[in-house]
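To start, the structure under review is shown below, and the notes come after it.
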Amino acid sequence: MPLQGGVIAISGLVKRFRVDGAELTALGGVDLWIAPGEFLTVVGASGCGKSTLLRLIAGLEHADAGVLSHDGAPIAGPSLARGLVFQEPRLFPWLTVAQNVAVGLENAPLSRAEKALAVAEHLTLVGLSAFARAWPHQLSGGMAQRVAIARGLVNRPDVLLLDEPFGALDMLTRARLQDELRAIQQRAGATTVFVTHDVDEAAYLGDRVVVLAPRPGRIREIVDVKLPARRDRADPRLAGVRERVLRALGEDPGYPRPALVADAAWRRPATLAPAAVLQ
Ligand SMILES: Nc1ncnc2c1ncn2[C@@H]1O[C@H](COP(=O)(O)OP(=O)(O)OP(=O)(O)O)[C@@H](O)[C@H]1O
Ligand SMILES: [Mg+2]
């Protein structure tokens, strides 16, 4: 059943860091309202403040100015209601794969059997059932990241924050997980903020695409995708979205020129199985 709530409101958000004695403004005034159940993607050049924005929403950082709230309550620290999947897997090496996923349920009001079932379902979802009792050092980088994704999803948070979660995966796995994540998000109704470098990924997944500009990090443009959640990668309307995003990024020297990137749009491989959805 879709969850209620999951509104994230951000206003006048400023975040500064001190680096080598100098002050660096990572975010220089961000205003953003994220609707319940929305899938928001965030793109921008390296260092423009994407991870910082996500960490602030997660409650892992404090703002220097401005307000962040989740369903009207100020975000003052981390919460089980906001799940976070990082750029790198961050698995506990002393726990098995299943135990690492179960960490996401540590404080959940579920019986042992319910937790075991949820862990098993999410390992199946990311294609790692056979590795439930493996140790993190026995996994490839992509497999480890899939464990981290299962851990972020297992508690079905009402806000899911993902920081380039698919960056280390091969193209087929990445495409499959994109579709699965979107299907899960549709069913659970979780508000999702998904950070990526990849313009195709941002357009394919997002209800809206936020384009950040660097130094100081700020919103350059928000592109409204206006397409249903289930999409065809070859849909020409997606190409239009990609072009708008690339144009907004094109002013940024951290990104290649739009003309170089627009041709690289790839189609969903014909051999790809339909997304497996948790029943
Ligand atoms: N803990 C920190 N201490 C000092 N500076 C930081 C810290 N975290 C981030 N920064 C700085 O803030 C800016 C934004 O960093 P952030 O990690 O948010 O960028 P990003 O957009 O996620 O980049 P990438 O795409 O490379 O992951 C960078 O200039 C970075 O050096
Ligand atoms: Mg980052």
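Each chain in the structure tokens gets a letter, A, B, ..., in the order shown, and its residues are numbered from 1; ligands are numbered from 1 in order too.
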
Practice problem: Mind the document's chain letters and residue numbers, and return as a ChimeraX atom specification the residues of range 95-266 of chain A that DSSP labels strand (DSSP E or B). | Solution: /A:159-163,191-195,208-213,217-224

Quiz prompt | Protein and nucleic acid residues within 10 Å of ligand 2 (only C-alpha atoms and all ligand atoms) as a list in words | solution =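 Sorted by chain and then by number, the residues are Gly44, Ala45, Ser46, Gly47, Cys48, Gly49, Lys50, Ser51, Thr52, Leu53, Leu54, Arg55, Phe86, Gln87, Asp163, Glu164, Val195, Thr196 and His197 of chain A.
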
Quiz item: Which one of A:Pro93, A:Gly29, A:Gly83, A:Gly37 sits closest to Leu13 in chain A if you count only C-alpha atoms?
Solution: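 Between A:Pro93, A:Gly29, A:Gly83, A:Gly37, the residue approaching Leu13 in chain A most closely is A:Gly29.
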
Quiz item: Quick one: residues within 7 Å of Ala58 in chain A, only C-alpha atoms counted, chain neighbours fewer than 6 positions away excluded, as a list in words?
Solution: Pro78, Arg82 and Leu84 of chain A

Written file, previous selection with C-alpha atoms, as a PDB file, in the first residue's frame:
ATOM      1  CA  PRO A  78      19.333  10.555  10.817  1.00  0.00           C
ATOM      2  CA  ARG A  82      15.002   8.048   5.457  1.00  0.00           C
ATOM      3  CA  LEU A  84      20.470   6.112   2.389  1.00  0.00           C
TER       4      LEU A  84
END

If we count only C-alpha atoms, what is near range 88-90 of chain A at a cut-off of 10 Å, once residues fewer than 6 positions away on the same chain are taken out, given as a compact mmCIF listing (two decimals) with N, CA and C atoms, in the first residue's frame?
# COMPACT_ATOMS: atom_id res chain seq x y z
N ASN A 100 24.42 -8.16 6.71
CA ASN A 100 24.59 -6.76 6.30
C ASN A 100 23.25 -6.15 5.88
N PRO A 136 31.61 -10.12 2.69
CA PRO A 136 31.83 -9.02 1.75
C PRO A 136 33.10 -9.17 0.90
N GLY A 141 32.81 -5.77 -6.74
CA GLY A 141 32.36 -4.42 -6.36
C GLY A 141 30.88 -4.21 -6.64
N GLY A 142 30.44 -4.69 -7.80
CA GLY A 142 29.03 -4.53 -8.17
C GLY A 142 28.11 -5.32 -7.26
N MET A 143 28.55 -6.52 -6.89
CA MET A 143 27.73 -7.33 -5.98
C MET A 143 27.63 -6.64 -4.61
N ALA A 144 28.75 -6.11 -4.15
CA ALA A 144 28.74 -5.42 -2.85
C ALA A 144 27.76 -4.24 -2.90
N GLN A 145 27.74 -3.55 -4.03
CA GLN A 145 26.83 -2.39 -4.13
C GLN A 145 25.38 -2.86 -4.14
N ARG A 146 25.13 -4.01 -4.74
CA ARG A 146 23.75 -4.53 -4.73
C ARG A 146 23.32 -4.91 -3.31
N VAL A 147 24.26 -5.39 -2.50
CA VAL A 147 23.94 -5.68 -1.09
C VAL A 147 23.55 -4.36 -0.39
N ALA A 148 24.31 -3.32 -0.68
CA ALA A 148 24.02 -2.02 -0.04
C ALA A 148 22.65 -1.50 -0.46
N ILE A 149 22.29 -1.74 -1.72
CA ILE A 149 20.96 -1.30 -2.19
C ILE A 149 19.87 -2.09 -1.46
N ARG A 151 20.09 -3.36 1.47
CA ARG A 151 20.06 -2.85 2.85
C ARG A 151 19.28 -1.53 2.93
N ASP A 163 22.86 7.74 -3.59
CA ASP A 163 23.98 8.54 -4.10
C ASP A 163 24.77 7.74 -5.11
N GLU A 164 24.48 7.93 -6.39
CA GLU A 164 25.14 7.20 -7.48
C GLU A 164 25.24 5.71 -7.19
N PRO A 165 24.10 5.07 -6.88
CA PRO A 165 24.17 3.69 -6.41
C PRO A 165 24.57 2.70 -7.50
N PHE A 166 24.39 3.08 -8.77
CA PHE A 166 24.62 2.11 -9.84
C PHE A 166 25.90 2.40 -10.62
N GLY A 167 26.68 3.35 -10.14
CA GLY A 167 27.86 3.80 -10.89
C GLY A 167 28.86 2.69 -11.15
N ALA A 168 28.98 1.73 -10.21
CA ALA A 168 30.02 0.70 -10.35
C ALA A 168 29.51 -0.56 -11.06
